[in-house]
$ cat entry.cif   # mmCIF, C-alpha atoms; chains and numbers go by the auth columns
data_input
#
loop_
_atom_site.group_PDB
_atom_site.id
_atom_site.type_symbol
_atom_site.label_atom_id
_atom_site.label_comp_id
_atom_site.label_asym_id
_atom_site.label_seq_id
_atom_site.Cartn_x
_atom_site.Cartn_y
_atom_site.Cartn_z
_atom_site.B_iso_or_equiv
_atom_site.auth_seq_id
_atom_site.auth_asym_id
ATOM 1 C CA MET A 1 -4.225 7.640 12.981 0.00 75 A
ATOM 2 C CA ASP A 2 -5.744 9.903 10.349 0.00 76 A
ATOM 3 C CA GLU A 3 -6.737 7.520 7.576 0.00 77 A
ATOM 4 C CA ALA A 4 -8.661 10.124 5.546 0.00 78 A
ATOM 5 C CA LYS A 5 -5.614 12.402 5.264 0.00 79 A
ATOM 6 C CA ALA A 6 -3.362 9.418 4.539 0.00 80 A
ATOM 7 C CA LEU A 7 -5.649 8.313 1.700 0.00 81 A
ATOM 8 C CA SER A 8 -5.657 11.844 0.309 0.00 82 A
ATOM 9 C CA MET A 9 -1.852 11.841 0.306 0.00 83 A
ATOM 10 C CA LEU A 10 -1.941 8.397 -1.297 0.00 84 A
ATOM 11 C CA GLY A 11 -3.963 9.875 -4.158 0.00 85 A
ATOM 12 C CA LEU A 12 -1.238 12.510 -4.652 0.00 86 A
ATOM 13 C CA ALA A 13 1.404 9.779 -4.631 0.00 87 A
ATOM 14 C CA VAL A 14 -0.488 7.892 -7.357 0.00 88 A
ATOM 15 C CA ARG A 15 -0.494 10.982 -9.557 0.00 89 A
ATOM 16 C CA ALA A 16 3.234 11.394 -8.863 0.00 90 A
ATOM 17 C CA GLY A 17 3.883 7.822 -9.997 0.00 91 A
ATOM 18 C CA ARG A 18 5.077 6.625 -6.579 0.00 92 A
ATOM 19 C CA VAL A 19 2.426 3.892 -6.073 0.00 93 A
ATOM 20 C CA THR A 20 2.197 0.403 -7.541 0.00 94 A
ATOM 21 C CA SER A 21 -1.014 -1.590 -7.141 0.00 95 A
ATOM 22 C CA GLY A 22 -2.166 -5.111 -7.881 0.00 96 A
ATOM 23 C CA GLU A 23 -1.047 -8.277 -6.171 0.00 97 A
ATOM 24 C CA SER A 24 1.603 -9.557 -8.585 0.00 98 A
ATOM 25 C CA LEU A 25 3.165 -6.132 -9.229 0.00 99 A
ATOM 26 C CA CYS A 26 3.272 -5.344 -5.516 0.00 100 A
ATOM 27 C CA GLU A 27 4.854 -8.683 -4.742 0.00 101 A
ATOM 28 C CA ARG A 28 7.533 -7.997 -7.367 0.00 102 A
ATOM 29 C CA GLU A 29 8.259 -4.533 -5.935 0.00 103 A
ATOM 30 C CA ILE A 30 8.538 -5.859 -2.368 0.00 104 A
ATOM 31 C CA ARG A 31 10.830 -8.723 -3.383 0.00 105 A
ATOM 32 C CA ALA A 32 13.031 -6.345 -5.411 0.00 106 A
ATOM 33 C CA GLY A 33 13.417 -3.999 -2.434 0.00 107 A
ATOM 34 C CA ARG A 34 11.760 -1.051 -4.176 0.00 108 A
ATOM 35 C CA ALA A 35 8.752 -0.871 -1.827 0.00 109 A
ATOM 36 C CA ALA A 36 9.061 1.254 1.311 0.00 110 A
ATOM 37 C CA LEU A 37 5.456 0.913 2.487 0.00 111 A
ATOM 38 C CA ALA A 38 2.687 -1.619 1.796 0.00 112 A
ATOM 39 C CA LEU A 39 -1.033 -0.972 2.140 0.00 113 A
ATOM 40 C CA MET A 40 -3.740 -3.624 2.251 0.00 114 A
ATOM 41 C CA ASP A 41 -7.524 -3.327 2.097 0.00 115 A
ATOM 42 C CA ALA A 42 -9.238 -4.785 5.175 0.00 116 A
ATOM 43 C CA GLY A 43 -11.455 -6.883 2.898 0.00 117 A
ATOM 44 C CA VAL A 44 -8.571 -8.904 1.473 0.00 118 A
ATOM 45 C CA SER A 45 -8.768 -12.705 1.643 0.00 119 A
ATOM 46 C CA PRO A 46 -7.052 -14.503 4.529 0.00 120 A
ATOM 47 C CA GLY A 47 -4.621 -16.174 2.118 0.00 121 A
ATOM 48 C CA THR A 48 -3.504 -12.890 0.611 0.00 122 A
ATOM 49 C CA ARG A 49 -3.301 -11.302 4.055 0.00 123 A
ATOM 50 C CA GLY A 50 -0.974 -14.054 5.289 0.00 124 A
ATOM 51 C CA LYS A 51 1.138 -13.994 2.140 0.00 125 A
ATOM 52 C CA TYR A 52 1.782 -10.245 2.298 0.00 126 A
ATOM 53 C CA ALA A 53 2.242 -10.190 6.064 0.00 127 A
ATOM 54 C CA ALA A 54 5.008 -12.792 5.762 0.00 128 A
ATOM 55 C CA LEU A 55 6.605 -11.178 2.709 0.00 129 A
ATOM 56 C CA CYS A 56 6.607 -7.695 4.233 0.00 130 A
ATOM 57 C CA LYS A 57 8.005 -8.990 7.510 0.00 131 A
ATOM 58 C CA ALA A 58 10.793 -10.845 5.704 0.00 132 A
ATOM 59 C CA LYS A 59 11.732 -7.778 3.648 0.00 133 A
ATOM 60 C CA GLY A 60 11.286 -5.237 6.467 0.00 134 A
ATOM 61 C CA VAL A 61 8.477 -3.343 4.739 0.00 135 A
ATOM 62 C CA PRO A 62 5.821 -1.831 7.030 0.00 136 A
ATOM 63 C CA LEU A 63 2.328 -3.125 6.216 0.00 137 A
ATOM 64 C CA TYR A 64 -0.786 -1.113 7.064 0.00 138 A
ATOM 65 C CA GLU A 65 -4.399 -2.183 6.779 0.00 139 A
ATOM 66 C CA ILE A 66 -6.865 0.329 5.317 0.00 140 A
ATOM 67 C CA SER A 67 -10.663 0.323 5.778 0.00 141 A
ATOM 68 C CA VAL A 68 -12.714 -1.909 3.476 0.00 142 A
ATOM 69 C CA ASP A 69 -12.971 -0.527 -0.098 0.00 143 A
ATOM 70 C CA SER A 70 -10.981 2.614 0.765 0.00 144 A
ATOM 71 C CA LEU A 71 -7.708 1.630 -0.881 0.00 145 A
ATOM 72 C CA GLY A 72 -9.138 1.167 -4.373 0.00 146 A
ATOM 73 C CA LYS A 73 -11.069 4.414 -4.153 0.00 147 A
ATOM 74 C CA ALA A 74 -8.005 6.344 -2.993 0.00 148 A
ATOM 75 C CA ILE A 75 -5.830 5.142 -5.859 0.00 149 A
ATOM 76 C CA GLY A 76 -8.582 5.419 -8.475 0.00 150 A
ATOM 77 C CA LYS A 77 -8.678 1.690 -9.191 0.00 151 A
ATOM 78 C CA PRO A 78 -11.712 0.068 -7.576 0.00 152 A
ATOM 79 C CA ASN A 79 -11.311 -3.432 -6.170 0.00 153 A
ATOM 80 C CA ARG A 80 -7.530 -3.184 -5.741 0.00 154 A
ATOM 81 C CA MET A 81 -6.611 -4.850 -2.487 0.00 155 A
ATOM 82 C CA VAL A 82 -2.858 -4.218 -2.262 0.00 156 A
ATOM 83 C CA ALA A 83 -0.637 -1.243 -3.047 0.00 157 A
ATOM 84 C CA VAL A 84 2.970 -0.326 -2.313 0.00 158 A
ATOM 85 C CA MET A 85 4.743 3.018 -2.225 0.00 159 A
ATOM 86 C CA ALA A 86 8.276 3.857 -3.246 0.00 160 A
ATOM 87 C CA LYS A 87 10.550 5.633 -0.773 0.00 161 A
ATOM 88 C CA GLY A 88 10.162 9.383 -0.661 0.00 162 A
ATOM 89 C CA PRO A 89 8.529 12.326 1.073 0.00 163 A
ATOM 90 C CA LEU A 90 4.991 11.249 0.164 0.00 164 A
ATOM 91 C CA GLN A 91 5.622 7.786 1.590 0.00 165 A
ATOM 92 C CA ASP A 92 6.968 9.359 4.788 0.00 166 A
ATOM 93 C CA LYS A 93 3.868 11.551 5.111 0.00 167 A
ATOM 94 C CA VAL A 94 1.419 8.675 4.495 0.00 168 A
ATOM 95 C CA GLU A 95 3.245 6.487 6.993 0.00 169 A
ATOM 96 C CA SER A 96 3.242 9.238 9.632 0.00 170 A
ATOM 97 C CA LEU A 97 -0.524 9.643 9.205 0.00 171 A
ATOM 98 C CA LEU A 98 -1.146 5.920 9.622 0.00 172 A
#
$ encode --input "entry.cif" --output "structure tokens"
Amino acid sequence: MDEAKALSMLGLAVRAGRVTSGESLCEREIRAGRAALALMDAGVSPGTRGKYAALCKAKGVPLYEISVDSLGKAIGKPNRMVAVMAKGPLQDKVESLL
């Protein structure tokens, strides 16, 4: 696992418009089948962790946990705890690094 490289690629994906962040928007993307990869900050609350674990499992979306406070920094939105990526080459690269 190379989290630093994955987070760098995640930053590129944000600039390319392939990342959605925020709990309600991410939930909507997962339910609609538009999310190919979900990322969660390790500091997320147990309730949110359980909710997204169940939702991602039900929809077949891989869910990865990122180090505390790293997700928000990588996407340029501090304190964001959940993000999803749309299908594409950047998503494939991030997933291969995680």
$ residues_around --input "entry.cif" --residues "A:Ala160" --least-positions-apart "6" --cutoff "8 Å" --atoms "all atoms listed in the file" --output "list of chain:residue names"
A:Arg92, A:Val93, A:Arg108, A:Ala109, A:Ala110, A:Leu111
$ write_last_selection --input "entry.cif" --atoms "C-alpha atoms" --output "mmCIF file, in the frame of the given file"
data_model
loop_
_atom_site.group_PDB
_atom_site.id
_atom_site.type_symbol
_atom_site.label_atom_id
_atom_site.label_comp_id
_atom_site.auth_asym_id
_atom_site.auth_seq_id
_atom_site.Cartn_x
_atom_site.Cartn_y
_atom_site.Cartn_z
ATOM 1 C CA ARG A 92 5.077 6.625 -6.579
ATOM 2 C CA VAL A 93 2.426 3.892 -6.073
ATOM 3 C CA ARG A 108 11.760 -1.051 -4.176
ATOM 4 C CA ALA A 109 8.752 -0.871 -1.827
ATOM 5 C CA ALA A 110 9.061 1.254 1.311
ATOM 6 C CA LEU A 111 5.456 0.913 2.487
#
$ closest_atom_pairs --input "entry.cif" --of "stretch 96-131 of chain A" --to "stretch 142-151 of chain A" --cutoff "10 Å" --atoms "all atoms listed in the file" --output "JSON lines"
{"residue": "A:Gly96", "atom": "CA", "partner": "A:Lys151", "partner_atom": "CA", "distance": 9.5}
{"residue": "A:Leu113", "atom": "CA", "partner": "A:Leu145", "partner_atom": "CA", "distance": 7.8}
{"residue": "A:Met114", "atom": "CA", "partner": "A:Leu145", "partner_atom": "CA", "distance": 7.3}
{"residue": "A:Asp115", "atom": "CA", "partner": "A:Val142", "partner_atom": "CA", "distance": 5.6}
{"residue": "A:Ala116", "atom": "CA", "partner": "A:Val142", "partner_atom": "CA", "distance": 4.8}
{"residue": "A:Gly117", "atom": "CA", "partner": "A:Val142", "partner_atom": "CA", "distance": 5.2}
{"residue": "A:Val118", "atom": "CA", "partner": "A:Val142", "partner_atom": "CA", "distance": 8.4}
$ residues_around --input "entry.cif" --residues "stretch 80-85 of chain A" --least-positions-apart "4" --cutoff "7 Å" --atoms "all atoms listed in the file" --output "list in words"
Asp76, Arg89, Ala148, Ile149, Leu164, Val168, Leu171 and Leu172 of chain A
$ atom_distance --input "entry.cif" --atom1 "atom CA of A:Ala127" --atom2 "atom CA of A:Leu86"
25.3 Å
$ closest_residue --input "entry.cif" --among "A:Cys100, A:Ala106, A:Val88, A:Ala112" --to "A:Val135" --atoms "only C-alpha atoms"
A:Ala112
$ atom_distance --input "entry.cif" --atom1 "atom CA of A:Tyr126" --atom2 "atom CA of A:Met75"
21.7 Å
$ residues_around --input "entry.cif" --residues "A:Gly107" --least-positions-apart "5" --cutoff "12 Å" --atoms "only C-alpha atoms" --output "PDB file with C-alpha atoms, in the coordinates of the input"
ATOM      1  CA  CYS A 100       3.272  -5.344  -5.516  1.00  0.00           C
ATOM      2  CA  GLU A 101       4.854  -8.683  -4.742  1.00  0.00           C
ATOM      3  CA  ARG A 102       7.533  -7.997  -7.367  1.00  0.00           C
ATOM      4  CA  ALA A 112       2.687  -1.619   1.796  1.00  0.00           C
ATOM      5  CA  LEU A 129       6.605 -11.178   2.709  1.00  0.00           C
ATOM      6  CA  CYS A 130       6.607  -7.695   4.233  1.00  0.00           C
ATOM      7  CA  ALA A 132      10.793 -10.845   5.704  1.00  0.00           C
ATOM      8  CA  LYS A 133      11.732  -7.778   3.648  1.00  0.00           C
ATOM      9  CA  GLY A 134      11.286  -5.237   6.467  1.00  0.00           C
ATOM     10  CA  VAL A 135       8.477  -3.343   4.739  1.00  0.00           C
ATOM     11  CA  VAL A 158       2.970  -0.326  -2.313  1.00  0.00           C
ATOM     12  CA  MET A 159       4.743   3.018  -2.225  1.00  0.00           C
ATOM     13  CA  ALA A 160       8.276   3.857  -3.246  1.00  0.00           C
ATOM     14  CA  LYS A 161      10.550   5.633  -0.773  1.00  0.00           C
TER      15      LYS A 161
END
$ atom_distance --input "entry.cif" --atom1 "atom CA of A:Ser170" --atom2 "atom CA of A:Leu137"
12.9 Å
$ axis_aligned_box --input "entry.cif" --around "stretch 96-102 of chain A" --padding-each-side "6 Å" --output "JSON"
{"center_x": 2.7, "center_y": -7.3, "center_z": -7.0, "size_x": 21.7, "size_y": 16.4, "size_z": 16.5}
$ closest_residue --input "entry.cif" --among "A:Ile104, A:Leu99, A:Ala90, A:Ile140" --to "A:Pro163" --atoms "only C-alpha atoms"
A:Ala90
$ decode --input "entry.cif" --residues "stretch 103-119 of chain A" --atoms "all heavy atoms" --output "CSV table (one decimal), in the first residue's frame"
chain,number,residue,atom,x,y,z
A,103,GLU,N,-24.3,9.3,-4.6
A,103,GLU,CA,-23.5,8.7,-5.7
A,103,GLU,C,-23.4,7.2,-5.6
A,103,GLU,O,-23.5,6.5,-6.6
A,103,GLU,CB,-22.1,9.3,-5.8
A,103,GLU,CG,-22.1,10.8,-6.1
A,103,GLU,CD,-22.6,11.1,-7.5
A,103,GLU,OE1,-22.1,10.5,-8.5
A,103,GLU,OE2,-23.6,11.8,-7.7
A,104,ILE,N,-23.2,6.7,-4.4
A,104,ILE,CA,-23.1,5.2,-4.2
A,104,ILE,C,-24.5,4.6,-4.6
A,104,ILE,O,-24.5,3.6,-5.3
A,104,ILE,CB,-22.7,4.9,-2.8
A,104,ILE,CG1,-21.3,5.4,-2.6
A,104,ILE,CG2,-22.8,3.4,-2.5
A,104,ILE,CD1,-20.8,5.3,-1.1
A,105,ARG,N,-25.6,5.1,-4.0
A,105,ARG,CA,-26.9,4.6,-4.3
A,105,ARG,C,-27.3,4.6,-5.8
A,105,ARG,O,-27.9,3.7,-6.3
A,105,ARG,CB,-27.9,5.3,-3.5
A,105,ARG,CG,-27.9,5.0,-2.0
A,105,ARG,CD,-29.1,5.7,-1.2
A,105,ARG,NE,-28.9,5.6,0.2
A,105,ARG,CZ,-29.1,4.5,0.9
A,105,ARG,NH1,-29.6,3.4,0.3
A,105,ARG,NH2,-29.0,4.5,2.2
A,106,ALA,N,-26.8,5.6,-6.5
A,106,ALA,CA,-27.1,5.8,-7.9
A,106,ALA,C,-26.2,4.9,-8.8
A,106,ALA,O,-26.5,4.8,-10.0
A,106,ALA,CB,-27.0,7.2,-8.3
A,107,GLY,N,-25.2,4.3,-8.2
A,107,GLY,CA,-24.3,3.4,-9.0
A,107,GLY,C,-23.3,4.2,-9.7
A,107,GLY,O,-22.6,3.6,-10.6
A,108,ARG,N,-23.0,5.4,-9.4
A,108,ARG,CA,-22.0,6.2,-10.1
A,108,ARG,C,-20.7,6.2,-9.4
A,108,ARG,O,-19.7,6.7,-9.9
A,108,ARG,CB,-22.5,7.7,-10.2
A,108,ARG,CG,-23.7,7.8,-11.2
A,108,ARG,CD,-24.1,9.2,-11.4
A,108,ARG,NE,-24.6,9.9,-10.2
A,108,ARG,CZ,-25.8,10.1,-10.0
A,108,ARG,NH1,-26.8,9.7,-10.8
A,108,ARG,NH2,-26.2,10.7,-8.8
A,109,ALA,N,-20.6,5.6,-8.2
A,109,ALA,CA,-19.3,5.5,-7.5
A,109,ALA,C,-18.6,4.2,-7.7
A,109,ALA,O,-19.3,3.2,-7.6
A,109,ALA,CB,-19.6,5.7,-6.0
A,110,ALA,N,-17.4,4.3,-8.1
A,110,ALA,CA,-16.6,3.0,-8.3
A,110,ALA,C,-15.6,2.7,-7.2
A,110,ALA,O,-15.1,1.6,-7.0
A,110,ALA,CB,-15.8,3.2,-9.6
A,111,LEU,N,-15.4,3.7,-6.3
A,111,LEU,CA,-14.5,3.6,-5.2
A,111,LEU,C,-14.9,4.6,-4.1
A,111,LEU,O,-15.2,5.7,-4.4
A,111,LEU,CB,-13.1,3.9,-5.7
A,111,LEU,CG,-11.9,4.0,-4.7
A,111,LEU,CD1,-11.7,2.6,-4.1
A,111,LEU,CD2,-10.7,4.5,-5.3
A,112,ALA,N,-14.9,4.1,-2.9
A,112,ALA,CA,-15.2,5.0,-1.7
A,112,ALA,C,-14.0,5.1,-0.8
A,112,ALA,O,-13.3,4.1,-0.6
A,112,ALA,CB,-16.4,4.5,-1.0
A,113,LEU,N,-13.7,6.3,-0.3
A,113,LEU,CA,-12.6,6.5,0.6
A,113,LEU,C,-13.2,7.1,1.9
A,113,LEU,O,-14.0,8.0,1.8
A,113,LEU,CB,-11.6,7.4,0.0
A,113,LEU,CG,-11.0,6.9,-1.3
A,113,LEU,CD1,-10.4,8.1,-2.1
A,113,LEU,CD2,-10.1,5.8,-1.1
A,114,MET,N,-12.7,6.7,3.0
A,114,MET,CA,-13.1,7.1,4.3
A,114,MET,C,-11.9,7.5,5.2
A,114,MET,O,-11.0,6.7,5.3
A,114,MET,CB,-14.0,6.1,5.0
A,114,MET,CG,-14.6,6.5,6.3
A,114,MET,SD,-15.5,5.1,7.1
A,114,MET,CE,-16.7,4.8,5.8
A,115,ASP,N,-12.0,8.6,5.9
A,115,ASP,CA,-11.0,9.0,6.8
A,115,ASP,C,-11.1,8.1,8.1
A,115,ASP,O,-12.2,7.8,8.5
A,115,ASP,CB,-11.2,10.5,7.2
A,115,ASP,CG,-10.1,11.1,8.0
A,115,ASP,OD1,-10.0,10.8,9.2
A,115,ASP,OD2,-9.3,11.8,7.4
A,116,ALA,N,-9.9,7.8,8.6
A,116,ALA,CA,-9.9,6.9,9.8
A,116,ALA,C,-10.5,7.5,11.0
A,116,ALA,O,-10.9,6.8,11.9
A,116,ALA,CB,-8.5,6.5,10.1
A,117,GLY,N,-10.7,8.8,11.0
A,117,GLY,CA,-11.2,9.5,12.2
A,117,GLY,C,-12.8,9.6,12.1
A,117,GLY,O,-13.3,10.3,13.0
A,118,VAL,N,-13.4,9.0,11.2
A,118,VAL,CA,-14.9,9.1,11.0
A,118,VAL,C,-15.5,8.4,12.2
A,118,VAL,O,-15.0,7.5,12.9
A,118,VAL,CB,-15.3,8.4,9.7
A,118,VAL,CG1,-15.2,6.9,9.8
A,118,VAL,CG2,-16.7,8.9,9.3
A,119,SER,N,-16.7,8.9,12.6
A,119,SER,CA,-17.5,8.3,13.7
A,119,SER,C,-17.9,6.9,13.4
A,119,SER,O,-18.1,6.5,12.3
A,119,SER,CB,-18.7,9.2,14.0
A,119,SER,OG,-19.7,9.0,12.9
